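Below is one structure, written out as structure tokens; the observations come after it.
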Amino acid sequence: MRAEDRVGIAVCAAVVTACVVHVMAPSAPIYYPLDPAWRWEKVPGGVAMHWYGRSAWSLASGVLAFGLAHFAAGLVRRDPPRWLPRALAALGVGSLALALAFVAQHEWSVWMTR
């Protein structure tokens, strides 16, 4: 497999994985700027910034997915089908659009309805 194909497959895997993890929102440290403290549990009534922990999980999982996909694609000795790069690109763009729509809907429902 060509190096360009390996990188393309790995980038698509990283984008899809990061989007899925971002939407799943696993437990992560939460920053409370008024207390200047990090906590794992949610404090009722506190001003919290969940974005940092969620972004760290998303980026770490995307990097891991990139590395695994790049390694796995390197083990394949034949060229991928002609349709595969376009399908993976569409999957990556679609998952990114859905994740951004989820974030926009969440932010709208939390902050704009007050």
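Ligands are numbered from 1 in the order shown, chains are lettered A, B, ... in the order of the structure tokens, and residues start at 1 in each chain.
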Legend entry - Polymer residues at most 10 Å from A:Gly46, only C-alpha atoms, same-chain spacing of 4 or more positions, as a list in words: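 Counting only the stated atoms, we get Tyr32, Pro33, Leu34, Asp35 and Lys42 of chain A.
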File of the preceding selection, N, CA, C and O atoms, as a PDB file, in the first residue's frame:
```
ATOM      1  N   TYR A  32     -13.034  23.878  37.352  1.00  0.00           N
ATOM      2  CA  TYR A  32     -13.912  24.868  37.970  1.00  0.00           C
ATOM      3  C   TYR A  32     -13.126  26.168  38.094  1.00  0.00           C
ATOM      4  O   TYR A  32     -12.296  26.326  38.997  1.00  0.00           O
ATOM      5  N   PRO A  33     -13.348  27.126  37.180  1.00  0.00           N
ATOM      6  CA  PRO A  33     -12.515  28.330  37.141  1.00  0.00           C
ATOM      7  C   PRO A  33     -12.694  29.260  38.341  1.00  0.00           C
ATOM      8  O   PRO A  33     -11.760  29.988  38.691  1.00  0.00           O
ATOM      9  N   LEU A  34     -13.858  29.246  38.986  1.00  0.00           N
ATOM     10  CA  LEU A  34     -14.047  30.128  40.141  1.00  0.00           C
ATOM     11  C   LEU A  34     -13.321  29.615  41.382  1.00  0.00           C
ATOM     12  O   LEU A  34     -12.952  30.396  42.256  1.00  0.00           O
ATOM     13  N   ASP A  35     -13.092  28.304  41.442  1.00  0.00           N
ATOM     14  CA  ASP A  35     -12.360  27.711  42.554  1.00  0.00           C
ATOM     15  C   ASP A  35     -10.886  27.516  42.234  1.00  0.00           C
ATOM     16  O   ASP A  35     -10.157  27.141  43.137  1.00  0.00           O
ATOM     17  N   LYS A  42     -18.974  16.030  39.401  1.00  0.00           N
ATOM     18  CA  LYS A  42     -19.669  17.280  39.119  1.00  0.00           C
ATOM     19  C   LYS A  42     -20.187  17.869  40.425  1.00  0.00           C
ATOM     20  O   LYS A  42     -20.808  17.179  41.223  1.00  0.00           O
TER      21      LYS A  42
END
```
Write out as CSV the residues of stretch 21-70 of chain A that have any atom within 12 Å of an atom of stretch 95-103 of chain A, one row each with the nearest atom pair and its distance in Å to one decimal, counting only C-alpha atoms, sorted by chain and then rising number.
```
residue,atom,partner,partner_atom,distance
A:Val21,CA,A:Ala99,CA,9.6
A:His22,CA,A:Ala99,CA,7.4
A:Val23,CA,A:Ala99,CA,6.3
A:Met24,CA,A:Ala99,CA,10.0
A:Ala25,CA,A:Val103,CA,11.1
A:Trp51,CA,A:Val103,CA,10.7
A:Arg54,CA,A:Val103,CA,11.7
A:Ser58,CA,A:Ala99,CA,11.4
```
Please produce a file of the residues just selected, as a PDB file, in the first residue's frame, where the atoms kept are N, CA, C and O atoms.
```pdb
ATOM      1  N   VAL A  21     -15.873   9.581  20.301  1.00  0.00           N
ATOM      2  CA  VAL A  21     -15.515   9.762  21.713  1.00  0.00           C
ATOM      3  C   VAL A  21     -16.027  11.104  22.229  1.00  0.00           C
ATOM      4  O   VAL A  21     -16.500  11.201  23.364  1.00  0.00           O
ATOM      5  N   HIS A  22     -15.972  12.130  21.405  1.00  0.00           N
ATOM      6  CA  HIS A  22     -16.456  13.444  21.835  1.00  0.00           C
ATOM      7  C   HIS A  22     -17.959  13.403  22.119  1.00  0.00           C
ATOM      8  O   HIS A  22     -18.424  13.982  23.105  1.00  0.00           O
ATOM      9  N   VAL A  23     -18.705  12.719  21.271  1.00  0.00           N
ATOM     10  CA  VAL A  23     -20.154  12.627  21.476  1.00  0.00           C
ATOM     11  C   VAL A  23     -20.488  11.729  22.671  1.00  0.00           C
ATOM     12  O   VAL A  23     -21.410  12.006  23.423  1.00  0.00           O
ATOM     13  N   MET A  24     -19.718  10.653  22.869  1.00  0.00           N
ATOM     14  CA  MET A  24     -19.959   9.745  23.998  1.00  0.00           C
ATOM     15  C   MET A  24     -19.675  10.416  25.334  1.00  0.00           C
ATOM     16  O   MET A  24     -20.274  10.057  26.346  1.00  0.00           O
ATOM     17  N   ALA A  25     -18.772  11.365  25.365  1.00  0.00           N
ATOM     18  CA  ALA A  25     -18.422  12.133  26.568  1.00  0.00           C
ATOM     19  C   ALA A  25     -18.075  11.241  27.754  1.00  0.00           C
ATOM     20  O   ALA A  25     -18.800  11.197  28.748  1.00  0.00           O
ATOM     21  N   TRP A  51     -15.242  21.068  28.748  1.00  0.00           N
ATOM     22  CA  TRP A  51     -14.640  21.017  27.424  1.00  0.00           C
ATOM     23  C   TRP A  51     -13.202  20.503  27.454  1.00  0.00           C
ATOM     24  O   TRP A  51     -12.795  19.757  26.568  1.00  0.00           O
ATOM     25  N   ARG A  54     -13.098  16.593  27.989  1.00  0.00           N
ATOM     26  CA  ARG A  54     -13.698  15.948  26.817  1.00  0.00           C
ATOM     27  C   ARG A  54     -12.776  16.064  25.610  1.00  0.00           C
ATOM     28  O   ARG A  54     -12.596  15.104  24.857  1.00  0.00           O
ATOM     29  N   SER A  58     -10.904  13.074  23.423  1.00  0.00           N
ATOM     30  CA  SER A  58     -11.107  13.007  21.974  1.00  0.00           C
ATOM     31  C   SER A  58      -9.780  13.023  21.225  1.00  0.00           C
ATOM     32  O   SER A  58      -9.561  12.225  20.303  1.00  0.00           O
TER      33      SER A  58
END
```
Legend entry - Selection near A:Gly53, 8 Å with only C-alpha atoms, sequence-local residues under 4 positions removed, as a VMD selection string: chain A and resid 28 to 30 57
Inset, instruction - Using DSSP on the backbone, list every residue of chain A that comes out as helix (DSSP H, G or I), and give them as a ChimeraX atom specification. - result: /A:3-24,51-75,84-112
Keeping C-alpha atoms, export the residues of the selection given above as a PDB file, in the first residue's frame.
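Writing the result to selection.pdb gives the following:
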```
ATOM      1  CA  ALA A   3       2.203   5.858   1.957  1.00  0.00           C
ATOM      2  CA  GLU A   4      -0.473   8.355   0.831  1.00  0.00           C
ATOM      3  CA  ASP A   5      -3.169   5.702   1.169  1.00  0.00           C
ATOM      4  CA  ARG A   6      -1.939   4.709   4.614  1.00  0.00           C
ATOM      5  CA  VAL A   7      -2.044   8.307   5.831  1.00  0.00           C
ATOM      6  CA  GLY A   8      -5.488   8.899   4.343  1.00  0.00           C
ATOM      7  CA  ILE A   9      -6.918   5.802   5.995  1.00  0.00           C
ATOM      8  CA  ALA A  10      -5.295   6.719   9.302  1.00  0.00           C
ATOM      9  CA  VAL A  11      -6.606  10.301   9.208  1.00  0.00           C
ATOM     10  CA  CYS A  12     -10.144   9.093   8.519  1.00  0.00           C
ATOM     11  CA  ALA A  13      -9.911   6.603  11.379  1.00  0.00           C
ATOM     12  CA  ALA A  14      -8.648   9.343  13.706  1.00  0.00           C
ATOM     13  CA  VAL A  15     -11.433  11.774  12.769  1.00  0.00           C
ATOM     14  CA  VAL A  16     -14.206   9.199  13.156  1.00  0.00           C
ATOM     15  CA  THR A  17     -12.825   7.942  16.481  1.00  0.00           C
ATOM     16  CA  ALA A  18     -12.362  11.444  17.907  1.00  0.00           C
ATOM     17  CA  CYS A  19     -15.912  12.395  16.892  1.00  0.00           C
ATOM     18  CA  VAL A  20     -17.427   9.282  18.453  1.00  0.00           C
ATOM     19  CA  VAL A  21     -15.515   9.762  21.713  1.00  0.00           C
ATOM     20  CA  HIS A  22     -16.456  13.444  21.835  1.00  0.00           C
ATOM     21  CA  VAL A  23     -20.154  12.627  21.476  1.00  0.00           C
ATOM     22  CA  MET A  24     -19.959   9.745  23.998  1.00  0.00           C
ATOM     23  CA  TRP A  51     -14.640  21.017  27.424  1.00  0.00           C
ATOM     24  CA  TYR A  52     -11.027  20.471  28.486  1.00  0.00           C
ATOM     25  CA  GLY A  53     -11.424  16.901  29.709  1.00  0.00           C
ATOM     26  CA  ARG A  54     -13.698  15.948  26.817  1.00  0.00           C
ATOM     27  CA  SER A  55     -11.257  17.406  24.299  1.00  0.00           C
ATOM     28  CA  ALA A  56      -8.326  15.593  25.895  1.00  0.00           C
ATOM     29  CA  TRP A  57     -10.139  12.239  25.579  1.00  0.00           C
ATOM     30  CA  SER A  58     -11.107  13.007  21.974  1.00  0.00           C
ATOM     31  CA  LEU A  59      -7.608  14.020  20.927  1.00  0.00           C
ATOM     32  CA  ALA A  60      -5.936  11.109  22.706  1.00  0.00           C
ATOM     33  CA  SER A  61      -8.303   8.585  21.143  1.00  0.00           C
ATOM     34  CA  GLY A  62      -7.834  10.160  17.711  1.00  0.00           C
ATOM     35  CA  VAL A  63      -4.056   9.935  18.010  1.00  0.00           C
ATOM     36  CA  LEU A  64      -4.295   6.311  19.120  1.00  0.00           C
ATOM     37  CA  ALA A  65      -6.663   5.465  16.248  1.00  0.00           C
ATOM     38  CA  PHE A  66      -4.315   7.175  13.781  1.00  0.00           C
ATOM     39  CA  GLY A  67      -1.355   5.140  14.992  1.00  0.00           C
ATOM     40  CA  LEU A  68      -3.225   1.838  14.970  1.00  0.00           C
ATOM     41  CA  ALA A  69      -4.775   2.434  11.540  1.00  0.00           C
ATOM     42  CA  HIS A  70      -1.445   3.552  10.061  1.00  0.00           C
ATOM     43  CA  PHE A  71       0.253   0.453  11.434  1.00  0.00           C
ATOM     44  CA  ALA A  72      -2.537  -1.880  10.278  1.00  0.00           C
ATOM     45  CA  ALA A  73      -2.614  -0.333   6.809  1.00  0.00           C
ATOM     46  CA  GLY A  74       1.140  -0.897   6.571  1.00  0.00           C
ATOM     47  CA  LEU A  75       0.604  -4.624   7.012  1.00  0.00           C
ATOM     48  CA  LEU A  84     -12.218   3.057  -0.335  1.00  0.00           C
ATOM     49  CA  PRO A  85     -10.503   6.477   0.007  1.00  0.00           C
ATOM     50  CA  ARG A  86     -13.659   8.311  -1.090  1.00  0.00           C
ATOM     51  CA  ALA A  87     -15.860   6.220   1.187  1.00  0.00           C
ATOM     52  CA  LEU A  88     -13.565   6.841   4.160  1.00  0.00           C
ATOM     53  CA  ALA A  89     -13.404  10.552   3.374  1.00  0.00           C
ATOM     54  CA  ALA A  90     -17.212  10.711   3.253  1.00  0.00           C
ATOM     55  CA  LEU A  91     -17.409   8.804   6.542  1.00  0.00           C
ATOM     56  CA  GLY A  92     -14.919  11.192   8.151  1.00  0.00           C
ATOM     57  CA  VAL A  93     -16.684  14.332   6.926  1.00  0.00           C
ATOM     58  CA  GLY A  94     -20.084  12.903   7.872  1.00  0.00           C
ATOM     59  CA  SER A  95     -18.993  11.989  11.398  1.00  0.00           C
ATOM     60  CA  LEU A  96     -17.412  15.423  11.831  1.00  0.00           C
ATOM     61  CA  ALA A  97     -20.618  17.129  10.660  1.00  0.00           C
ATOM     62  CA  LEU A  98     -22.743  15.017  13.007  1.00  0.00           C
ATOM     63  CA  ALA A  99     -20.449  15.684  15.969  1.00  0.00           C
ATOM     64  CA  LEU A 100     -20.502  19.426  15.271  1.00  0.00           C
ATOM     65  CA  ALA A 101     -24.297  19.344  14.968  1.00  0.00           C
ATOM     66  CA  PHE A 102     -24.481  17.511  18.307  1.00  0.00           C
ATOM     67  CA  VAL A 103     -22.250  20.126  19.960  1.00  0.00           C
ATOM     68  CA  ALA A 104     -24.282  22.992  18.463  1.00  0.00           C
ATOM     69  CA  GLN A 105     -27.556  21.429  19.616  1.00  0.00           C
ATOM     70  CA  HIS A 106     -26.150  20.817  23.098  1.00  0.00           C
ATOM     71  CA  GLU A 107     -24.805  24.356  23.436  1.00  0.00           C
ATOM     72  CA  TRP A 108     -28.069  25.820  22.156  1.00  0.00           C
ATOM     73  CA  SER A 109     -30.182  23.789  24.573  1.00  0.00           C
ATOM     74  CA  VAL A 110     -27.952  24.545  27.572  1.00  0.00           C
ATOM     75  CA  TRP A 111     -27.037  28.201  27.053  1.00  0.00           C
ATOM     76  CA  MET A 112     -29.552  29.780  24.714  1.00  0.00           C
TER      77      MET A 112
END
```
Inset, instruction - Return as a ChimeraX atom specification the full set of residues in chain A whose backbone-based DSSP assignment is strand (DSSP E or B). - result: /A:30-32,37-39,49
Inset, instruction - State, in Å with one decimal place, the distance from atom CA of A:Ser27 to atom CA of A:Pro44. - result: 16.3 Å
